[in-house]
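Novice: Just one file: protein.csv, with CSV, C-alpha atoms and all ligand atoms.
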```csv
chain,number,residue,atom,x,y,z
E,569,MET,CA,-6.3,4.1,-0.3
E,570,LYS,CA,-4.5,3.6,-3.6
E,571,GLY,CA,-6.5,4.3,-6.8
E,572,VAL,CA,-5.7,0.8,-8.1
E,573,VAL,CA,-8.1,-0.6,-5.5
E,574,PHE,CA,-10.9,1.8,-6.7
E,575,THR,CA,-10.3,1.1,-10.4
E,576,GLU,CA,-10.3,-2.6,-9.8
E,577,PHE,CA,-13.5,-2.3,-7.8
E,578,LEU,CA,-15.3,-0.4,-10.6
E,579,GLY,CA,-13.9,-2.9,-13.1
E,580,MET,CA,-15.5,-5.7,-11.2
E,581,VAL,CA,-18.8,-3.9,-10.9
E,582,GLU,CA,-18.8,-3.3,-14.7
E,583,GLN,CA,-17.9,-6.9,-15.4
E,584,THR,CA,-20.4,-8.4,-13.0
E,585,PHE,CA,-23.3,-6.0,-13.4
E,586,SER,CA,-22.9,-3.3,-16.0
E,587,ALA,CA,-21.3,0.0,-17.0
E,588,ASP,CA,-24.6,1.7,-16.0
E,589,MET,CA,-24.3,0.3,-12.5
E,590,VAL,CA,-20.9,1.9,-12.3
E,591,ASP,CA,-22.4,5.3,-13.1
E,592,ASP,CA,-25.4,4.7,-10.8
E,593,ILE,CA,-23.3,3.9,-7.7
E,594,ILE,CA,-20.9,6.8,-8.4
E,595,ASP,CA,-24.0,9.1,-8.4
E,596,ASP,CA,-25.5,7.5,-5.3
E,597,ALA,CA,-22.3,7.7,-3.3
E,598,GLN,CA,-21.9,11.4,-3.9
E,599,LEU,CA,-18.1,11.1,-4.0
E,600,PRO,CA,-15.9,14.1,-3.4
E,601,SER,CA,-13.6,12.8,-6.2
E,602,GLY,CA,-16.5,12.4,-8.5
E,603,GLY,CA,-15.4,8.9,-9.1
E,604,ALA,CA,-12.6,9.8,-11.5
E,605,TYR,CA,-9.9,7.5,-10.2
E,606,THR,CA,-6.4,6.8,-11.5
E,607,ALA,CA,-4.5,3.7,-10.5
E,608,VAL,CA,-1.6,5.7,-9.0
E,609,GLY,CA,-3.7,8.3,-7.2
E,610,THR,CA,-4.7,8.1,-3.5
E,611,TYR,CA,-8.3,8.6,-2.4
E,612,PRO,CA,-10.2,8.5,0.9
E,613,HIS,CA,-11.1,5.0,2.1
E,614,ASP,CA,-14.6,6.4,2.9
E,615,GLU,CA,-15.3,6.6,-0.8
E,616,MET,CA,-14.8,2.9,-1.2
E,617,VAL,CA,-17.2,2.3,1.7
E,618,ALA,CA,-19.8,4.6,0.2
E,619,MET,CA,-19.6,2.8,-3.2
E,620,VAL,CA,-19.9,-0.6,-1.7
E,621,VAL,CA,-22.9,0.5,0.4
E,622,ALA,CA,-24.5,2.0,-2.8
E,623,LEU,CA,-23.9,-1.2,-4.7
E,624,SER,CA,-25.4,-3.3,-1.9
E,625,ARG,CA,-28.6,-1.2,-2.0
E,626,ARG,CA,-28.9,-1.5,-5.7
E,627,VAL,CA,-28.2,-5.2,-6.1
E,628,ASN,CA,-29.7,-6.2,-2.8
E,629,LEU,CA,-26.7,-8.2,-1.6
E,630,PRO,CA,-25.0,-7.8,1.8
E,631,VAL,CA,-22.0,-5.5,2.0
E,632,PRO,CA,-19.7,-8.2,3.5
E,633,ASP,CA,-20.5,-10.6,0.6
E,634,LEU,CA,-19.7,-7.9,-2.0
E,635,VAL,CA,-16.4,-7.0,-0.3
E,636,ARG,CA,-15.4,-10.6,0.0
E,637,ALA,CA,-16.2,-11.2,-3.7
E,638,PHE,CA,-14.1,-8.1,-4.5
E,639,GLY,CA,-11.2,-9.5,-2.5
E,640,LYS,CA,-11.2,-12.6,-4.6
E,641,HIS,CA,-11.4,-10.6,-7.8
E,642,LEU,CA,-8.6,-8.3,-6.6
E,643,PHE,CA,-6.3,-11.3,-5.9
E,644,GLY,CA,-6.8,-12.5,-9.5
E,645,ARG,CA,-5.8,-9.0,-10.7
E,646,PHE,CA,-2.7,-9.0,-8.4
E,647,VAL,CA,-1.6,-12.3,-9.9
E,648,GLN,CA,-1.7,-10.7,-13.4
E,649,ALA,CA,-0.2,-7.4,-12.4
E,650,TYR,CA,2.6,-8.6,-10.2
E,651,PRO,CA,3.7,-12.0,-11.5
E,652,SER,CA,7.2,-11.7,-9.9
E,653,PHE,CA,5.6,-12.0,-6.4
E,654,PHE,CA,4.6,-15.5,-7.4
E,655,ASP,CA,7.9,-16.7,-8.8
E,656,GLY,CA,8.9,-19.9,-7.1
E,657,VAL,CA,6.0,-19.8,-4.7
E,658,THR,CA,4.0,-23.0,-4.8
E,659,ASP,CA,2.3,-23.2,-1.4
E,660,THR,CA,-0.5,-21.2,0.1
E,661,PHE,CA,1.1,-21.0,3.6
E,662,GLN,CA,4.4,-20.0,2.1
E,663,PHE,CA,2.7,-17.2,0.2
E,664,LEU,CA,0.4,-15.9,3.0
E,665,SER,CA,3.0,-16.0,5.7
E,666,GLY,CA,5.0,-13.6,3.6
E,667,ILE,CA,2.3,-11.0,3.1
E,668,GLU,CA,3.6,-8.6,5.7
E,669,ASP,CA,7.4,-8.9,5.2
E,670,ILE,CA,7.6,-9.7,1.5
E,671,ILE,CA,4.5,-8.8,-0.5
E,672,HIS,CA,3.3,-5.6,1.3
E,673,ALA,CA,6.9,-4.6,2.0
E,674,GLU,CA,7.5,-4.6,-1.8
E,675,VAL,CA,4.2,-2.8,-2.3
E,676,LEU,CA,5.4,-0.1,0.0
E,677,LYS,CA,8.5,0.4,-2.1
E,678,LEU,CA,6.3,0.9,-5.2
E,679,TYR,CA,3.8,3.1,-3.5
E,680,PRO,CA,5.3,4.8,-0.4
E,681,ASP,CA,1.9,6.3,0.5
E,682,ALA,CA,0.1,2.9,0.5
E,683,GLU,CA,-2.1,2.4,3.6
E,684,LEU,CA,-1.5,-1.3,4.4
E,685,PRO,CA,-2.8,-3.5,7.1
E,686,ARG,CA,-0.7,-5.6,9.5
E,687,PHE,CA,-0.6,-9.3,9.0
E,688,ASP,CA,1.1,-11.1,11.9
E,689,VAL,CA,1.7,-14.9,11.7
E,690,GLU,CA,0.5,-16.0,15.1
E,691,GLU,CA,1.1,-19.7,14.6
E,692,GLN,CA,2.4,-21.8,11.8
E,693,ASP,CA,3.2,-25.5,11.4
E,694,GLU,CA,2.8,-28.1,8.6
E,695,GLN,CA,-1.0,-28.3,9.0
E,696,ASN,CA,-2.0,-24.9,10.4
E,697,LEU,CA,-1.5,-21.2,9.8
E,698,THR,CA,-3.0,-18.5,12.0
E,699,LEU,CA,-2.9,-14.9,10.8
E,700,LEU,CA,-3.9,-11.9,12.7
E,701,TYR,CA,-5.1,-8.9,10.7
E,702,HIS,CA,-5.1,-5.4,12.1
E,703,SER,CA,-6.1,-2.3,10.2
E,704,PRO,CA,-7.8,1.0,11.2
E,705,ARG,CA,-9.8,0.5,8.0
E,706,HIS,CA,-11.3,-2.7,9.2
E,707,PHE,CA,-11.3,-4.4,5.8
E,708,GLU,CA,-11.7,-7.9,7.3
E,709,ASP,CA,-14.0,-9.0,4.6
E,710,LEU,CA,-11.5,-7.8,1.9
E,711,ALA,CA,-8.8,-9.8,3.7
E,712,GLU,CA,-11.0,-12.9,3.7
E,713,GLY,CA,-11.6,-12.5,0.0
E,714,LEU,CA,-7.9,-12.1,-0.7
E,715,ILE,CA,-7.1,-15.2,1.4
E,716,LEU,CA,-9.8,-17.2,-0.4
E,717,GLY,CA,-8.4,-16.0,-3.7
E,718,SER,CA,-4.9,-17.2,-2.6
E,719,ILE,CA,-6.2,-20.6,-1.6
E,720,GLU,CA,-8.0,-21.0,-4.9
E,721,TYR,CA,-4.9,-19.9,-6.8
E,722,PHE,CA,-2.6,-22.5,-5.3
E,723,GLY,CA,-5.3,-25.2,-5.6
E,724,GLN,CA,-4.5,-27.0,-2.3
E,725,PRO,CA,-7.3,-28.4,-0.1
E,726,ILE,CA,-7.3,-25.8,2.8
E,727,SER,CA,-10.2,-24.7,5.1
E,728,LEU,CA,-10.4,-21.1,6.2
E,729,MET,CA,-12.0,-20.2,9.5
E,730,ARG,CA,-12.4,-16.7,10.9
E,731,ASP,CA,-12.8,-16.1,14.6
E,732,ALA,CA,-13.8,-12.9,16.4
E,733,SER,CA,-10.9,-11.9,18.4
E,734,ALA,CA,-11.0,-9.1,20.9
E,735,PRO,CA,-11.5,-5.9,18.8
E,736,ASP,CA,-8.1,-4.5,19.9
E,737,ARG,CA,-6.3,-7.6,19.0
E,738,GLY,CA,-7.4,-7.8,15.4
E,739,GLN,CA,-9.2,-10.4,13.3
E,740,ARG,CA,-7.8,-14.0,13.4
E,741,PHE,CA,-7.8,-16.1,10.3
E,742,HIS,CA,-7.1,-19.8,10.8
E,743,LEU,CA,-6.1,-22.0,7.8
E,744,GLU,CA,-5.9,-25.7,8.1
E,745,ARG,CA,-4.8,-28.3,5.5
E,746,ARG,CA,-7.4,-30.9,4.8
E,747,ALA,CA,-6.4,-34.5,4.2
Z,801,LIG,C1,0.5,-10.1,-4.9
Z,801,LIG,C2,-0.3,-9.9,-3.9
Z,801,LIG,C3,-0.7,-8.6,-3.3
Z,801,LIG,C4,-0.4,-7.3,-3.6
Z,801,LIG,C5,0.4,-6.8,-4.8
Z,801,LIG,C6,-1.1,-6.4,-2.7
Z,801,LIG,C7,-1.1,-5.1,-2.7
Z,801,LIG,C8,-1.9,-4.2,-2.0
Z,801,LIG,C9,-2.2,-2.8,-2.3
Z,801,LIG,C10,-1.6,-2.0,-3.5
Z,801,LIG,C11,-3.1,-2.4,-1.4
Z,801,LIG,C12,-3.7,-1.0,-1.3
Z,801,LIG,C13,-3.0,-0.1,-0.3
Z,801,LIG,C14,-3.7,1.2,-0.2
Z,801,LIG,O1,-4.8,1.3,-0.5
Z,801,LIG,O2,-3.0,2.3,0.1
Z,801,LIG,C15,-3.4,-3.5,-0.5
Z,801,LIG,C16,-4.3,-3.4,0.5
Z,801,LIG,C17,-4.6,-4.5,1.2
Z,801,LIG,N1,-4.1,-5.8,1.2
Z,801,LIG,FE1,-2.7,-6.5,-0.1
Z,801,LIG,N2,-1.7,-7.2,-1.7
Z,801,LIG,C18,-1.5,-8.5,-2.1
Z,801,LIG,C19,-2.0,-9.6,-1.4
Z,801,LIG,C20,-2.8,-9.5,-0.3
Z,801,LIG,C21,-3.3,-10.7,0.4
Z,801,LIG,C22,-3.1,-12.2,0.0
Z,801,LIG,C23,-4.0,-10.2,1.5
Z,801,LIG,C24,-4.7,-11.0,2.5
Z,801,LIG,C25,-4.1,-12.0,3.2
Z,801,LIG,C26,-3.9,-8.8,1.4
Z,801,LIG,C27,-4.5,-7.9,2.3
Z,801,LIG,C28,-4.8,-6.6,2.1
Z,801,LIG,C29,-5.8,-5.8,2.7
Z,801,LIG,C30,-6.9,-6.3,3.7
Z,801,LIG,C31,-5.7,-4.5,2.2
Z,801,LIG,C32,-6.7,-3.3,2.5
Z,801,LIG,C33,-6.0,-2.2,3.4
Z,801,LIG,C34,-6.3,-2.5,4.8
Z,801,LIG,O3,-6.9,-3.5,5.2
Z,801,LIG,O4,-5.9,-1.6,5.6
Z,801,LIG,N3,-3.1,-8.4,0.4
Z,801,LIG,N4,-2.6,-4.6,-0.9
```
What do you get writing this file as structure tokens?

Specialist:
Amino acid sequence: MKGVVFTEFLGMVEQTFSADMVDDIIDDAQLPSGGAYTAVGTYPHDEMVAMVVALSRRVNLPVPDLVRAFGKHLFGRFVQAYPSFFDGVTDTFQFLSGIEDIIHAEVLKLYPDAELPRFDVEEQDEQNLTLLYHSPRHFEDLAEGLILGSIEYFGQPISLMRDASAPDRGQRFHLERRA
């Protein structure tokens, strides 16, 4: 997993909790890297999981809630860091249906070793968009936070529903425009 995800996570922990909390969870998680991340490095996904679990214990909040909040935060950082991905894009469905072929395809050019999920568009019409997420890392909660961040960014009234698909088929996210 790219270092940018780790540095942004620790940035959020510092901003939301404190710099001491950052040190505490790095200690608790007993990370092989020692918690010294650079944005362009690549680190084991397990370290992210260990830090989120450590944070969850310290602040007494469920892991899925923390990961979802991180997804929203990360989306805001992506907006700042990659403004060109948003040029001329005005609609949530337009943006999200291009995650696989446009956004993550560009990310892969920038970081050839990025470990990205698959996002298939299962169904799309004027009112509905159904995305199917697959990843061996099972970051469904991160995906949900990123999708919620996108909905908020475009400011359109859209509901998000998540349904438990068969585990081998991935996680389905259904978006529906509200009147
Ligand atoms: C401008 C927007 C975006 C950029 C620049 C971006 C870029 C990235 C990068 C750099 C990673 C880390 C890859 C690695 O760790 O090796 C990543 C992972 C991920 N991205 Fe995106 N992303 C964007 C938007 C989104 C959105 C809107 C979603 C959800 C629909 C999404 C879903 C994910 C997920 C779930 C992961 C974690 C890896 C996994 O699940 O296997 N991304 N993305």

Novice: Hey, what's within 12 Å of Thr584 in chain E if we count all atoms listed in the file and toss same-chain stuff fewer than 2 positions away? As a list in words, please?

Specialist: Phe577, Leu578, Gly579, Met580, Val581, Glu582, Ser586, Ala587, Asp588, Met589, Val590, Leu623, Val627, Leu634, Ala637, Phe638 and His641 of chain E

Novice: Keeping C-alpha atoms, export the residues of the selection given above as a PDB file, in the coordinates of the input.

Specialist:
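Result written to part_12.pdb:
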```pdb
ATOM      1  CA  PHE E 577     -13.500  -2.300  -7.800  1.00  0.00           C
ATOM      2  CA  LEU E 578     -15.300  -0.400 -10.600  1.00  0.00           C
ATOM      3  CA  GLY E 579     -13.900  -2.900 -13.100  1.00  0.00           C
ATOM      4  CA  MET E 580     -15.500  -5.700 -11.200  1.00  0.00           C
ATOM      5  CA  VAL E 581     -18.800  -3.900 -10.900  1.00  0.00           C
ATOM      6  CA  GLU E 582     -18.800  -3.300 -14.700  1.00  0.00           C
ATOM      7  CA  SER E 586     -22.900  -3.300 -16.000  1.00  0.00           C
ATOM      8  CA  ALA E 587     -21.300   0.000 -17.000  1.00  0.00           C
ATOM      9  CA  ASP E 588     -24.600   1.700 -16.000  1.00  0.00           C
ATOM     10  CA  MET E 589     -24.300   0.300 -12.500  1.00  0.00           C
ATOM     11  CA  VAL E 590     -20.900   1.900 -12.300  1.00  0.00           C
ATOM     12  CA  LEU E 623     -23.900  -1.200  -4.700  1.00  0.00           C
ATOM     13  CA  VAL E 627     -28.200  -5.200  -6.100  1.00  0.00           C
ATOM     14  CA  LEU E 634     -19.700  -7.900  -2.000  1.00  0.00           C
ATOM     15  CA  ALA E 637     -16.200 -11.200  -3.700  1.00  0.00           C
ATOM     16  CA  PHE E 638     -14.100  -8.100  -4.500  1.00  0.00           C
ATOM     17  CA  HIS E 641     -11.400 -10.600  -7.800  1.00  0.00           C
TER      18      HIS E 641
END
```

Novice: Counting all atoms listed in the file, figure out which residue out of E:Leu728, E:Glu720, E:Gln739, E:Gly713 gets nearest to Lys640 in chain E.

Specialist: E:Gly713

Novice: Choose the residue, out of E:Phe741, E:Phe707, E:Phe661, E:Tyr721, that has the smallest atom-to-atom separation from ligand LIG 801 (chain Z); count all atoms listed in the file.

Specialist: E:Phe707

Novice: Taking 2 positions as the minimum chain separation for residues in the same chain, which residues sit within 10 Å of Gln598 in chain E when counting all atoms listed in the file? Answer as a list in words.

Specialist: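 Contacts, with the query itself left out: Ile593, Ile594, Asp595, Asp596, Pro600, Ser601, Gly602, Gly603, Glu615, Ala618, Met619 and Ala622 of chain E.
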
Novice: Neighbours of ligand LIG 801 (chain Z) at 7 Å or closer, counting only C-alpha atoms and all ligand atoms: which residues, as a short mmCIF file (atom, residue, chain, number, x, y, z; two decimals) with C-alpha atoms, in the frame of the given file?

Specialist:
```cif
data_model
loop_
_atom_site.label_atom_id
_atom_site.label_comp_id
_atom_site.auth_asym_id
_atom_site.auth_seq_id
_atom_site.Cartn_x
_atom_site.Cartn_y
_atom_site.Cartn_z
CA MET E 569 -6.30 4.10 -0.30
CA LYS E 570 -4.50 3.60 -3.60
CA VAL E 572 -5.70 0.80 -8.10
CA VAL E 573 -8.10 -0.60 -5.50
CA PHE E 643 -6.30 -11.30 -5.90
CA PHE E 646 -2.70 -9.00 -8.40
CA VAL E 647 -1.60 -12.30 -9.90
CA TYR E 650 2.60 -8.60 -10.20
CA PHE E 653 5.60 -12.00 -6.40
CA LEU E 664 0.40 -15.90 3.00
CA ILE E 667 2.30 -11.00 3.10
CA ILE E 671 4.50 -8.80 -0.50
CA HIS E 672 3.30 -5.60 1.30
CA VAL E 675 4.20 -2.80 -2.30
CA ASP E 681 1.90 6.30 0.50
CA ALA E 682 0.10 2.90 0.50
CA GLU E 683 -2.10 2.40 3.60
CA LEU E 684 -1.50 -1.30 4.40
CA PRO E 685 -2.80 -3.50 7.10
CA SER E 703 -6.10 -2.30 10.20
CA PRO E 704 -7.80 1.00 11.20
CA ARG E 705 -9.80 0.50 8.00
CA HIS E 706 -11.30 -2.70 9.20
CA PHE E 707 -11.30 -4.40 5.80
CA GLU E 708 -11.70 -7.90 7.30
CA LEU E 710 -11.50 -7.80 1.90
CA ALA E 711 -8.80 -9.80 3.70
CA GLU E 712 -11.00 -12.90 3.70
CA LEU E 714 -7.90 -12.10 -0.70
CA ILE E 715 -7.10 -15.20 1.40
CA SER E 718 -4.90 -17.20 -2.60
#
```

Novice: So, with all atoms listed in the file as the atoms that count, which of E:Ala732, E:Met616, E:Leu678, E:Ala747 lies closest to Leu599 in chain E?

Specialist: E:Met616

Novice: I'd like the interatomic distance between CA of Ala607 in chain E and CA of Pro680 in chain E, to a tenth of an Å.

Specialist: 14.1 Å

Novice: Give me, please, the distance in Å between CA of Tyr605 in chain E and CA of Leu642 in chain E, quoted to one decimal.

Specialist: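 About the pair CA of Tyr605 in chain E and CA of Leu642 in chain E: they are 16.3 Å apart.
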
Novice: Would you kindly identify which residues have an atom no farther than 8 Å from (-8.2, -28.5, 7.5), using all atoms listed in the file and the file's own coordinates, and write them out as a PDB file with C-alpha atoms, in the coordinates of the input?

Specialist:
```
ATOM      1  CA  GLN E 695      -1.000 -28.300   9.000  1.00  0.00           C
ATOM      2  CA  ASN E 696      -2.000 -24.900  10.400  1.00  0.00           C
ATOM      3  CA  PRO E 725      -7.300 -28.400  -0.100  1.00  0.00           C
ATOM      4  CA  ILE E 726      -7.300 -25.800   2.800  1.00  0.00           C
ATOM      5  CA  SER E 727     -10.200 -24.700   5.100  1.00  0.00           C
ATOM      6  CA  LEU E 728     -10.400 -21.100   6.200  1.00  0.00           C
ATOM      7  CA  LEU E 743      -6.100 -22.000   7.800  1.00  0.00           C
ATOM      8  CA  GLU E 744      -5.900 -25.700   8.100  1.00  0.00           C
ATOM      9  CA  ARG E 745      -4.800 -28.300   5.500  1.00  0.00           C
ATOM     10  CA  ARG E 746      -7.400 -30.900   4.800  1.00  0.00           C
ATOM     11  CA  ALA E 747      -6.400 -34.500   4.200  1.00  0.00           C
TER      12      ALA E 747
END
```

Novice: Go through E:Asp731, E:Asp688, E:Glu576, E:Asp736 and flag the residue nearest Leu700 in chain E, using all atoms listed in the file for the distances.

Specialist: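 Under the stated criterion, the closest residue is E:Asp688.
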
Novice: For Thr575 in chain E, which of E:Gly656, E:Gly609, E:Gly723, E:Gly717 is the closest residue, counting all atoms listed in the file?

Specialist: E:Gly609
